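> Contents of start.txt (compact mmCIF, N, CA and C atoms):
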```
# COMPACT_ATOMS: atom_id res chain seq x y z
N MET A 1 75.91 68.21 75.23
CA MET A 1 76.01 69.60 74.83
C MET A 1 75.17 70.46 75.76
N ALA A 2 75.67 71.60 76.12
CA ALA A 2 74.99 72.50 77.05
C ALA A 2 73.91 73.31 76.34
N THR A 3 72.87 73.62 77.10
CA THR A 3 71.86 74.58 76.64
C THR A 3 71.98 75.77 77.59
N ARG A 4 72.64 76.80 77.13
CA ARG A 4 72.99 77.95 77.98
C ARG A 4 71.81 78.90 78.13
N SER A 5 71.82 79.62 79.27
CA SER A 5 70.79 80.62 79.50
C SER A 5 71.35 81.75 80.35
N ASN A 6 70.61 82.83 80.38
CA ASN A 6 70.87 83.93 81.29
C ASN A 6 69.73 83.98 82.29
N ILE A 7 70.07 84.28 83.53
CA ILE A 7 69.06 84.45 84.58
C ILE A 7 69.28 85.84 85.15
N GLY A 8 68.21 86.62 85.23
CA GLY A 8 68.39 87.99 85.67
C GLY A 8 67.29 88.51 86.55
N ILE A 9 67.50 89.73 87.03
CA ILE A 9 66.51 90.43 87.83
C ILE A 9 66.36 91.84 87.28
N ARG A 10 65.11 92.23 87.06
CA ARG A 10 64.82 93.59 86.57
C ARG A 10 64.46 94.45 87.76
N GLU A 11 65.31 95.46 87.99
CA GLU A 11 65.12 96.36 89.12
C GLU A 11 63.98 97.34 88.83
N THR A 12 63.54 98.05 89.84
CA THR A 12 62.45 99.01 89.66
C THR A 12 62.85 100.18 88.76
N ASP A 13 64.15 100.45 88.61
CA ASP A 13 64.59 101.52 87.72
C ASP A 13 64.71 101.05 86.26
N GLY A 14 64.40 99.77 86.01
CA GLY A 14 64.43 99.24 84.65
C GLY A 14 65.71 98.53 84.27
N THR A 15 66.77 98.65 85.06
CA THR A 15 67.99 97.92 84.73
C THR A 15 67.78 96.43 84.98
N VAL A 16 68.49 95.62 84.21
CA VAL A 16 68.43 94.17 84.38
C VAL A 16 69.84 93.67 84.65
N LYS A 17 70.01 92.91 85.72
CA LYS A 17 71.29 92.31 86.07
C LYS A 17 71.19 90.82 85.79
N THR A 18 72.15 90.28 85.03
CA THR A 18 72.05 88.87 84.66
C THR A 18 73.32 88.09 85.00
N ILE A 19 73.11 86.78 85.22
CA ILE A 19 74.19 85.82 85.36
C ILE A 19 74.05 84.79 84.25
N TYR A 20 75.08 84.01 84.07
CA TYR A 20 75.12 82.95 83.07
C TYR A 20 74.82 81.63 83.75
N SER A 21 74.04 80.78 83.09
CA SER A 21 73.77 79.42 83.56
C SER A 21 74.11 78.46 82.43
N HIS A 22 74.98 77.49 82.69
CA HIS A 22 75.53 76.66 81.62
C HIS A 22 74.61 75.51 81.18
N TRP A 23 74.09 74.73 82.10
CA TRP A 23 73.38 73.50 81.74
C TRP A 23 71.87 73.64 81.73
N ASP A 24 71.25 72.96 80.78
CA ASP A 24 69.80 72.70 80.74
C ASP A 24 68.95 73.97 80.83
N GLY A 25 69.27 74.96 80.02
CA GLY A 25 68.60 76.25 80.07
C GLY A 25 67.20 76.29 79.51
N TYR A 26 66.74 75.22 78.93
CA TYR A 26 65.42 75.21 78.32
C TYR A 26 64.32 75.36 79.39
N PRO A 27 63.13 75.80 78.98
CA PRO A 27 62.06 76.08 79.96
C PRO A 27 61.67 74.89 80.82
N GLN A 28 61.74 73.68 80.29
CA GLN A 28 61.32 72.51 81.05
C GLN A 28 62.30 72.16 82.17
N HIS A 29 63.46 72.79 82.20
CA HIS A 29 64.39 72.57 83.31
C HIS A 29 64.60 73.87 84.10
N VAL A 30 65.40 74.79 83.56
CA VAL A 30 65.67 76.04 84.28
C VAL A 30 64.38 76.81 84.53
N GLY A 31 63.55 76.95 83.51
CA GLY A 31 62.28 77.68 83.68
C GLY A 31 61.41 77.05 84.76
N ARG A 32 61.30 75.73 84.75
CA ARG A 32 60.48 75.02 85.74
C ARG A 32 61.01 75.23 87.15
N ILE A 33 62.33 75.14 87.31
CA ILE A 33 62.92 75.32 88.65
C ILE A 33 62.72 76.76 89.13
N LEU A 34 62.95 77.73 88.27
CA LEU A 34 62.77 79.13 88.67
C LEU A 34 61.33 79.39 89.09
N LEU A 35 60.39 78.93 88.29
CA LEU A 35 58.97 79.16 88.56
C LEU A 35 58.53 78.48 89.85
N ALA A 36 59.08 77.31 90.15
CA ALA A 36 58.65 76.56 91.33
C ALA A 36 59.41 76.91 92.61
N HIS A 37 60.69 77.29 92.50
CA HIS A 37 61.53 77.41 93.70
C HIS A 37 62.14 78.78 93.95
N TYR A 38 62.11 79.66 92.98
CA TYR A 38 62.68 81.01 93.15
C TYR A 38 61.56 81.99 92.83
N ARG A 39 60.61 82.09 93.75
CA ARG A 39 59.36 82.80 93.48
C ARG A 39 59.27 84.17 94.12
N ASP A 40 60.31 84.60 94.79
CA ASP A 40 60.25 85.92 95.42
C ASP A 40 61.58 86.64 95.24
N GLU A 41 61.54 87.92 95.47
CA GLU A 41 62.72 88.77 95.25
C GLU A 41 63.93 88.29 96.06
N GLU A 42 63.71 87.92 97.30
CA GLU A 42 64.81 87.51 98.18
C GLU A 42 65.55 86.28 97.62
N SER A 43 64.81 85.27 97.20
CA SER A 43 65.45 84.05 96.68
C SER A 43 66.14 84.31 95.34
N VAL A 44 65.54 85.17 94.52
CA VAL A 44 66.15 85.49 93.22
C VAL A 44 67.45 86.28 93.44
N ARG A 45 67.43 87.25 94.35
CA ARG A 45 68.65 88.01 94.64
C ARG A 45 69.76 87.09 95.16
N ALA A 46 69.40 86.16 96.01
CA ALA A 46 70.40 85.23 96.55
C ALA A 46 71.00 84.38 95.42
N LEU A 47 70.19 83.96 94.47
CA LEU A 47 70.68 83.21 93.32
C LEU A 47 71.62 84.07 92.48
N ILE A 48 71.21 85.29 92.16
CA ILE A 48 72.02 86.20 91.35
C ILE A 48 73.35 86.51 92.06
N ASP A 49 73.29 86.63 93.38
CA ASP A 49 74.51 86.93 94.15
C ASP A 49 75.56 85.82 94.06
N LEU A 50 75.16 84.61 93.69
CA LEU A 50 76.14 83.53 93.52
C LEU A 50 77.05 83.79 92.33
N GLY A 51 76.60 84.61 91.39
CA GLY A 51 77.35 84.81 90.16
C GLY A 51 77.03 83.71 89.17
N ASP A 52 77.83 83.57 88.13
CA ASP A 52 77.57 82.58 87.09
C ASP A 52 77.51 81.18 87.69
N ILE A 53 76.63 80.36 87.10
CA ILE A 53 76.43 79.01 87.62
C ILE A 53 76.60 77.97 86.52
N SER A 54 76.98 76.79 86.93
CA SER A 54 77.07 75.67 86.02
C SER A 54 75.72 74.96 85.95
N GLU A 55 75.11 74.72 87.11
CA GLU A 55 73.84 73.98 87.17
C GLU A 55 72.89 74.64 88.16
N LEU A 56 71.65 74.85 87.72
CA LEU A 56 70.60 75.35 88.60
C LEU A 56 69.87 74.15 89.22
N HIS A 57 69.66 74.23 90.54
CA HIS A 57 68.90 73.21 91.24
C HIS A 57 67.86 73.88 92.13
N GLU A 58 67.06 73.06 92.80
CA GLU A 58 65.92 73.54 93.57
C GLU A 58 66.28 74.41 94.77
N THR A 59 67.48 74.23 95.32
CA THR A 59 67.90 75.03 96.47
C THR A 59 69.24 75.70 96.18
N LEU A 60 69.50 76.80 96.87
CA LEU A 60 70.78 77.49 96.69
C LEU A 60 71.95 76.61 97.11
N ASP A 61 71.73 75.76 98.10
CA ASP A 61 72.80 74.87 98.57
C ASP A 61 73.21 73.86 97.52
N THR A 62 72.29 73.48 96.63
CA THR A 62 72.61 72.46 95.63
C THR A 62 72.93 73.04 94.25
N VAL A 63 72.73 74.35 94.07
CA VAL A 63 73.16 75.01 92.84
C VAL A 63 74.67 74.87 92.72
N VAL A 64 75.18 74.62 91.53
CA VAL A 64 76.63 74.54 91.33
C VAL A 64 77.08 75.88 90.75
N ALA A 65 77.73 76.67 91.61
CA ALA A 65 78.20 78.01 91.24
C ALA A 65 79.70 77.96 90.96
N TYR A 66 80.12 78.63 89.91
CA TYR A 66 81.54 78.61 89.53
C TYR A 66 82.44 79.16 90.64
N HIS A 67 82.06 80.27 91.23
CA HIS A 67 82.91 80.89 92.25
C HIS A 67 82.85 80.12 93.57
N ARG A 68 81.64 79.94 94.09
CA ARG A 68 81.49 79.31 95.40
C ARG A 68 81.95 77.85 95.41
N ASP A 69 81.58 77.11 94.39
CA ASP A 69 81.80 75.66 94.41
C ASP A 69 83.02 75.18 93.65
N ARG A 70 83.52 75.98 92.75
CA ARG A 70 84.67 75.55 91.95
C ARG A 70 85.90 76.43 92.14
N GLY A 71 85.75 77.47 92.95
CA GLY A 71 86.88 78.33 93.25
C GLY A 71 87.32 79.23 92.10
N GLU A 72 86.47 79.35 91.09
CA GLU A 72 86.82 80.22 89.96
C GLU A 72 86.55 81.68 90.32
N GLU A 73 87.17 82.57 89.58
CA GLU A 73 86.97 83.99 89.80
C GLU A 73 85.50 84.33 89.58
N LYS A 74 84.95 85.17 90.44
CA LYS A 74 83.54 85.55 90.32
C LYS A 74 83.39 86.52 89.16
N ALA A 75 82.52 86.16 88.23
CA ALA A 75 82.28 87.00 87.06
C ALA A 75 81.51 88.25 87.45
N THR A 76 81.74 89.31 86.74
CA THR A 76 81.01 90.56 86.95
C THR A 76 79.62 90.42 86.37
N LEU A 77 78.62 90.88 87.11
CA LEU A 77 77.25 90.86 86.60
C LEU A 77 77.16 91.68 85.33
N ILE A 78 76.38 91.20 84.40
CA ILE A 78 76.09 91.99 83.20
C ILE A 78 74.90 92.87 83.55
N VAL A 79 75.02 94.17 83.36
CA VAL A 79 73.95 95.10 83.67
C VAL A 79 73.45 95.71 82.36
N HIS A 80 72.17 95.52 82.11
CA HIS A 80 71.52 96.07 80.92
C HIS A 80 70.78 97.33 81.32
N GLU A 81 70.98 98.41 80.59
CA GLU A 81 70.29 99.66 80.88
C GLU A 81 68.80 99.53 80.56
N PRO A 82 67.96 100.38 81.16
CA PRO A 82 66.52 100.31 80.92
C PRO A 82 66.20 100.30 79.42
N GLY A 83 65.35 99.37 79.02
CA GLY A 83 64.92 99.28 77.62
C GLY A 83 65.95 98.66 76.69
N LYS A 84 67.09 98.19 77.21
CA LYS A 84 68.15 97.66 76.34
C LYS A 84 68.55 96.24 76.71
N PHE A 85 67.59 95.47 77.22
CA PHE A 85 67.89 94.08 77.57
C PHE A 85 68.24 93.30 76.31
N GLN A 86 69.30 92.49 76.41
CA GLN A 86 69.73 91.67 75.28
C GLN A 86 70.00 90.26 75.77
N ARG A 87 69.43 89.29 75.07
CA ARG A 87 69.65 87.88 75.39
C ARG A 87 70.96 87.46 74.73
N PHE A 88 71.89 86.89 75.51
CA PHE A 88 73.17 86.46 74.97
C PHE A 88 73.22 84.96 74.73
N GLU A 89 72.36 84.20 75.38
CA GLU A 89 72.38 82.75 75.28
C GLU A 89 71.09 82.25 74.64
N ALA A 90 70.91 80.94 74.58
CA ALA A 90 69.73 80.36 73.93
C ALA A 90 68.42 80.81 74.58
N TYR A 91 68.44 80.93 75.90
CA TYR A 91 67.24 81.33 76.65
C TYR A 91 67.63 82.40 77.66
N ALA A 92 66.64 83.21 78.05
CA ALA A 92 66.85 84.19 79.11
C ALA A 92 65.61 84.20 80.00
N TYR A 93 65.87 84.34 81.29
CA TYR A 93 64.81 84.40 82.29
C TYR A 93 65.06 85.65 83.14
N VAL A 94 64.03 86.46 83.32
CA VAL A 94 64.18 87.71 84.06
C VAL A 94 63.05 87.82 85.08
N PHE A 95 63.44 87.98 86.34
CA PHE A 95 62.46 88.20 87.40
C PHE A 95 62.23 89.70 87.51
N CYS A 96 60.99 90.13 87.37
CA CYS A 96 60.65 91.55 87.44
C CYS A 96 60.23 91.88 88.87
N VAL A 97 61.04 92.68 89.55
CA VAL A 97 60.78 93.04 90.94
C VAL A 97 59.44 93.75 91.09
N ALA A 98 59.13 94.70 90.21
CA ALA A 98 57.91 95.48 90.31
C ALA A 98 56.65 94.62 90.18
N LYS A 99 56.74 93.54 89.41
CA LYS A 99 55.56 92.69 89.19
C LYS A 99 55.65 91.38 89.95
N ASP A 100 56.81 91.10 90.57
CA ASP A 100 57.00 89.87 91.33
C ASP A 100 56.68 88.65 90.46
N TYR A 101 57.27 88.63 89.27
CA TYR A 101 56.91 87.62 88.28
C TYR A 101 58.09 87.32 87.36
N TRP A 102 58.18 86.08 86.87
CA TRP A 102 59.22 85.67 85.92
C TRP A 102 58.78 85.92 84.48
N TYR A 103 59.71 86.36 83.66
CA TYR A 103 59.54 86.49 82.22
C TYR A 103 60.64 85.67 81.56
N TRP A 104 60.46 85.30 80.30
CA TRP A 104 61.47 84.52 79.60
C TRP A 104 61.43 84.85 78.12
N CYS A 105 62.51 84.51 77.42
CA CYS A 105 62.52 84.63 75.96
C CYS A 105 63.47 83.61 75.38
N ASP A 106 63.10 83.18 74.18
CA ASP A 106 63.97 82.31 73.40
C ASP A 106 64.21 82.96 72.04
N GLU A 107 63.65 84.14 71.87
CA GLU A 107 63.88 84.92 70.66
C GLU A 107 64.22 86.34 71.09
N ASP A 108 63.41 87.32 70.72
CA ASP A 108 63.77 88.70 71.03
C ASP A 108 62.93 89.36 72.11
N GLU A 109 61.73 88.87 72.36
CA GLU A 109 60.82 89.58 73.26
C GLU A 109 60.54 88.78 74.52
N LEU A 110 60.64 89.44 75.67
CA LEU A 110 60.31 88.80 76.94
C LEU A 110 58.80 88.60 77.03
N LYS A 111 58.41 87.44 77.55
CA LYS A 111 57.00 87.13 77.74
C LYS A 111 56.84 86.46 79.10
N PRO A 112 55.65 86.54 79.72
CA PRO A 112 55.47 85.91 81.02
C PRO A 112 55.77 84.42 80.97
N LEU A 113 56.44 83.92 82.00
CA LEU A 113 56.75 82.50 82.12
C LEU A 113 55.58 81.83 82.85
N THR A 114 54.93 80.89 82.18
CA THR A 114 53.76 80.23 82.74
C THR A 114 54.03 78.75 82.96
N GLN A 115 53.17 78.12 83.70
CA GLN A 115 53.27 76.67 83.93
C GLN A 115 53.22 75.92 82.61
N GLU A 116 52.45 76.39 81.68
CA GLU A 116 52.35 75.76 80.37
C GLU A 116 53.70 75.76 79.63
N ASP A 117 54.49 76.80 79.82
CA ASP A 117 55.80 76.90 79.17
C ASP A 117 56.79 75.87 79.71
N VAL A 118 56.63 75.44 80.94
CA VAL A 118 57.63 74.62 81.59
C VAL A 118 57.26 73.13 81.69
N THR A 119 56.13 72.76 81.12
CA THR A 119 55.73 71.34 81.18
C THR A 119 55.95 70.66 79.84
```
So that I can check it, write out the structure of this file as structure tokens.


Amino acid sequence: MATRSNIGIRETDGTVKTIYSHWDGYPQHVGRILLAHYRDEESVRALIDLGDISELHETLDTVVAYHRDRGEEKATLIVHEPGKFQRFEAYAYVFCVAKDYWYWCDEDELKPLTQEDVT
């Protein structure tokens, strides 16, 4: 059974753009990989640019993306207006450009993603 998540980027204007990630969305997998391997704006943007993904891995080359790797139609990014972020899946991870830091939630409120959360 899949543990779905959203992965997003919060722009300086407050909007959040998210993609869907199908497998292993819990913090000990997706959260750990994001915290360890997608630590800057450039790498996060490159991940988001892939569109929805089936599996997140340590490098963009090994990520399994629906459009790039399976030939499926590229899904439209979900854009949340400032102050209106909504988690659609079990977990959500948002990289904040202004703070250069990952946040996550499994309920309603985003909180900083720490090493303690992913171990």

> Would you mind listing what lies within 9 Å of His80 in chain A as an mmCIF file with N, CA and C atoms, keeping the file's coordinate frame, with only C-alpha atoms counted and same-chain residues fewer than 5 positions away left out?


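See out.cif below for the written result:
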```
data_model
loop_
_atom_site.group_PDB
_atom_site.id
_atom_site.type_symbol
_atom_site.label_atom_id
_atom_site.label_comp_id
_atom_site.auth_asym_id
_atom_site.auth_seq_id
_atom_site.Cartn_x
_atom_site.Cartn_y
_atom_site.Cartn_z
ATOM 1 N N GLY A 14 64.400 99.770 86.010
ATOM 2 C CA GLY A 14 64.430 99.240 84.650
ATOM 3 C C GLY A 14 65.710 98.530 84.270
ATOM 4 N N THR A 15 66.770 98.650 85.060
ATOM 5 C CA THR A 15 67.990 97.920 84.730
ATOM 6 C C THR A 15 67.780 96.430 84.980
ATOM 7 N N VAL A 16 68.490 95.620 84.210
ATOM 8 C CA VAL A 16 68.430 94.170 84.380
ATOM 9 C C VAL A 16 69.840 93.670 84.650
ATOM 10 N N LYS A 17 70.010 92.910 85.720
ATOM 11 C CA LYS A 17 71.290 92.310 86.070
ATOM 12 C C LYS A 17 71.190 90.820 85.790
ATOM 13 N N THR A 18 72.150 90.280 85.030
ATOM 14 C CA THR A 18 72.050 88.870 84.660
ATOM 15 C C THR A 18 73.320 88.090 85.000
ATOM 16 N N PHE A 85 67.590 95.470 77.220
ATOM 17 C CA PHE A 85 67.890 94.080 77.570
ATOM 18 C C PHE A 85 68.240 93.300 76.310
ATOM 19 N N GLN A 86 69.300 92.490 76.410
ATOM 20 C CA GLN A 86 69.730 91.670 75.280
ATOM 21 C C GLN A 86 70.000 90.260 75.770
#
```

> If we count only C-alpha atoms and set the cut-off at 12 Å, which residues sit around Leu35 in chain A, ignoring sequence neighbours fewer than 5 positions away in its own chain? Please answer as JSON, numbers by chain.

{"A": [27, 28, 29, 30, 40, 43, 44, 57, 58, 93, 94, 95, 100, 101, 102, 103, 104, 112, 113, 114, 115, 116, 117, 118, 119]}

> Tell me which of A:Ala75, A:Ile33, A:Leu110, A:Ala2 sits closest to Leu50 in chain A, counting all atoms listed in the file.

A:Ala75

> Around the point (61.5, 93.7, 89.4) in the file's coordinates, collect all residues with an atom within 7 Å, using all atoms listed in the file, and return them as a list in words.

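Every residue inside that radius is included here: Ile9, Arg10, Glu11, Thr12, Phe95, Cys96, Val97, Ala98, Lys99, Asp100 and Tyr101 of chain A.
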
> Kindly give the distance, in Å, that separates CA of Asp106 in chain A and atom C of Ala90 in chain A, rounded to a single decimal.

4.8 Å

> From the set A:Glu89, A:Glu55, A:Glu73, A:Asp61, which residue has the shortest atom-to-atom contact distance to Trp23 in chain A, counting only N, CA and C atoms?

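Among the listed residues, A:Glu55 lies closest to Trp23 in chain A.
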
> Would you work out the distance separating atom C of Thr59 in chain A from atom N of Ile19 in chain A, expressed in Å to one decimal?

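Separation between atom C of Thr59 in chain A and atom N of Ile19 in chain A: 16.1 Å.
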
> Work out how far CA of Ala65 in chain A is from CA of Thr3 in chain A, in Å to one decimal.

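Taking CA of Thr3 in chain A and CA of Ala65 in chain A, their separation equals 16.3 Å.
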
> Assign secondary structure with DSSP using the backbone only, and return the residues of chain A in strand (DSSP E) as a PyMOL selection string.

chain A and resi 5-10+16-21+53-55+64-65+78-80+91-96+101-105+111-112

> DSSP on the backbone, then: every residue of chain A marked alpha helix (DSSP H), written as a VMD selection string.

chain A and resid 32 to 37 41 to 49 66 to 70 115 to 118

> Of the candidates A:Pro82, A:Gly51, A:Leu56, A:Arg39, which one gets nearest to Arg68 in chain A if we count only N, CA and C atoms?

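Among A:Pro82, A:Gly51, A:Leu56, A:Arg39, it is A:Gly51 that comes nearest to Arg68 in chain A.
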
> How about completing range 52-72 of chain A with N, CA, C and O atoms and giving it to me as an mmCIF file, keeping the file's coordinate frame?


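The result, stored in selection13.cif:
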```
data_model
loop_
_atom_site.group_PDB
_atom_site.id
_atom_site.type_symbol
_atom_site.label_atom_id
_atom_site.label_comp_id
_atom_site.auth_asym_id
_atom_site.auth_seq_id
_atom_site.Cartn_x
_atom_site.Cartn_y
_atom_site.Cartn_z
ATOM 1 N N ASP A 52 77.830 83.570 88.130
ATOM 2 C CA ASP A 52 77.570 82.580 87.090
ATOM 3 C C ASP A 52 77.510 81.180 87.690
ATOM 4 O O ASP A 52 78.233 80.861 88.637
ATOM 5 N N ILE A 53 76.630 80.360 87.100
ATOM 6 C CA ILE A 53 76.430 79.010 87.620
ATOM 7 C C ILE A 53 76.600 77.970 86.520
ATOM 8 O O ILE A 53 76.375 78.245 85.340
ATOM 9 N N SER A 54 76.980 76.790 86.930
ATOM 10 C CA SER A 54 77.070 75.670 86.020
ATOM 11 C C SER A 54 75.720 74.960 85.950
ATOM 12 O O SER A 54 75.240 74.644 84.872
ATOM 13 N N GLU A 55 75.110 74.720 87.110
ATOM 14 C CA GLU A 55 73.840 73.980 87.170
ATOM 15 C C GLU A 55 72.890 74.640 88.160
ATOM 16 O O GLU A 55 73.259 74.911 89.292
ATOM 17 N N LEU A 56 71.650 74.850 87.720
ATOM 18 C CA LEU A 56 70.600 75.350 88.600
ATOM 19 C C LEU A 56 69.870 74.150 89.220
ATOM 20 O O LEU A 56 69.531 73.192 88.528
ATOM 21 N N HIS A 57 69.660 74.230 90.540
ATOM 22 C CA HIS A 57 68.900 73.210 91.240
ATOM 23 C C HIS A 57 67.860 73.880 92.130
ATOM 24 O O HIS A 57 67.806 75.102 92.217
ATOM 25 N N GLU A 58 67.060 73.060 92.800
ATOM 26 C CA GLU A 58 65.920 73.540 93.570
ATOM 27 C C GLU A 58 66.280 74.410 94.770
ATOM 28 O O GLU A 58 65.486 75.220 95.214
ATOM 29 N N THR A 59 67.480 74.230 95.320
ATOM 30 C CA THR A 59 67.900 75.030 96.470
ATOM 31 C C THR A 59 69.240 75.700 96.180
ATOM 32 O O THR A 59 70.036 75.186 95.383
ATOM 33 N N LEU A 60 69.500 76.800 96.870
ATOM 34 C CA LEU A 60 70.780 77.490 96.690
ATOM 35 C C LEU A 60 71.950 76.610 97.110
ATOM 36 O O LEU A 60 73.032 76.698 96.542
ATOM 37 N N ASP A 61 71.730 75.760 98.100
ATOM 38 C CA ASP A 61 72.800 74.870 98.570
ATOM 39 C C ASP A 61 73.210 73.860 97.520
ATOM 40 O O ASP A 61 74.359 73.395 97.521
ATOM 41 N N THR A 62 72.290 73.480 96.630
ATOM 42 C CA THR A 62 72.610 72.460 95.630
ATOM 43 C C THR A 62 72.930 73.040 94.250
ATOM 44 O O THR A 62 73.366 72.306 93.370
ATOM 45 N N VAL A 63 72.730 74.350 94.070
ATOM 46 C CA VAL A 63 73.160 75.010 92.840
ATOM 47 C C VAL A 63 74.670 74.870 92.720
ATOM 48 O O VAL A 63 75.385 74.973 93.728
ATOM 49 N N VAL A 64 75.180 74.620 91.530
ATOM 50 C CA VAL A 64 76.630 74.540 91.330
ATOM 51 C C VAL A 64 77.080 75.880 90.750
ATOM 52 O O VAL A 64 76.824 76.199 89.592
ATOM 53 N N ALA A 65 77.730 76.670 91.610
ATOM 54 C CA ALA A 65 78.200 78.010 91.240
ATOM 55 C C ALA A 65 79.700 77.960 90.960
ATOM 56 O O ALA A 65 80.458 77.326 91.692
ATOM 57 N N TYR A 66 80.120 78.630 89.910
ATOM 58 C CA TYR A 66 81.540 78.610 89.530
ATOM 59 C C TYR A 66 82.440 79.160 90.640
ATOM 60 O O TYR A 66 83.478 78.578 90.945
ATOM 61 N N HIS A 67 82.060 80.270 91.230
ATOM 62 C CA HIS A 67 82.910 80.890 92.250
ATOM 63 C C HIS A 67 82.850 80.120 93.570
ATOM 64 O O HIS A 67 83.879 79.690 94.091
ATOM 65 N N ARG A 68 81.640 79.940 94.090
ATOM 66 C CA ARG A 68 81.490 79.310 95.400
ATOM 67 C C ARG A 68 81.950 77.850 95.410
ATOM 68 O O ARG A 68 82.618 77.416 96.351
ATOM 69 N N ASP A 69 81.580 77.110 94.390
ATOM 70 C CA ASP A 69 81.800 75.660 94.410
ATOM 71 C C ASP A 69 83.020 75.180 93.650
ATOM 72 O O ASP A 69 83.503 74.083 93.887
ATOM 73 N N ARG A 70 83.520 75.980 92.750
ATOM 74 C CA ARG A 70 84.670 75.550 91.950
ATOM 75 C C ARG A 70 85.900 76.430 92.140
ATOM 76 O O ARG A 70 86.926 76.218 91.516
ATOM 77 N N GLY A 71 85.750 77.470 92.950
ATOM 78 C CA GLY A 71 86.880 78.330 93.250
ATOM 79 C C GLY A 71 87.320 79.230 92.100
ATOM 80 O O GLY A 71 88.412 79.794 92.140
ATOM 81 N N GLU A 72 86.470 79.350 91.090
ATOM 82 C CA GLU A 72 86.820 80.220 89.960
ATOM 83 C C GLU A 72 86.550 81.680 90.320
ATOM 84 O O GLU A 72 85.800 81.977 91.250
#
```
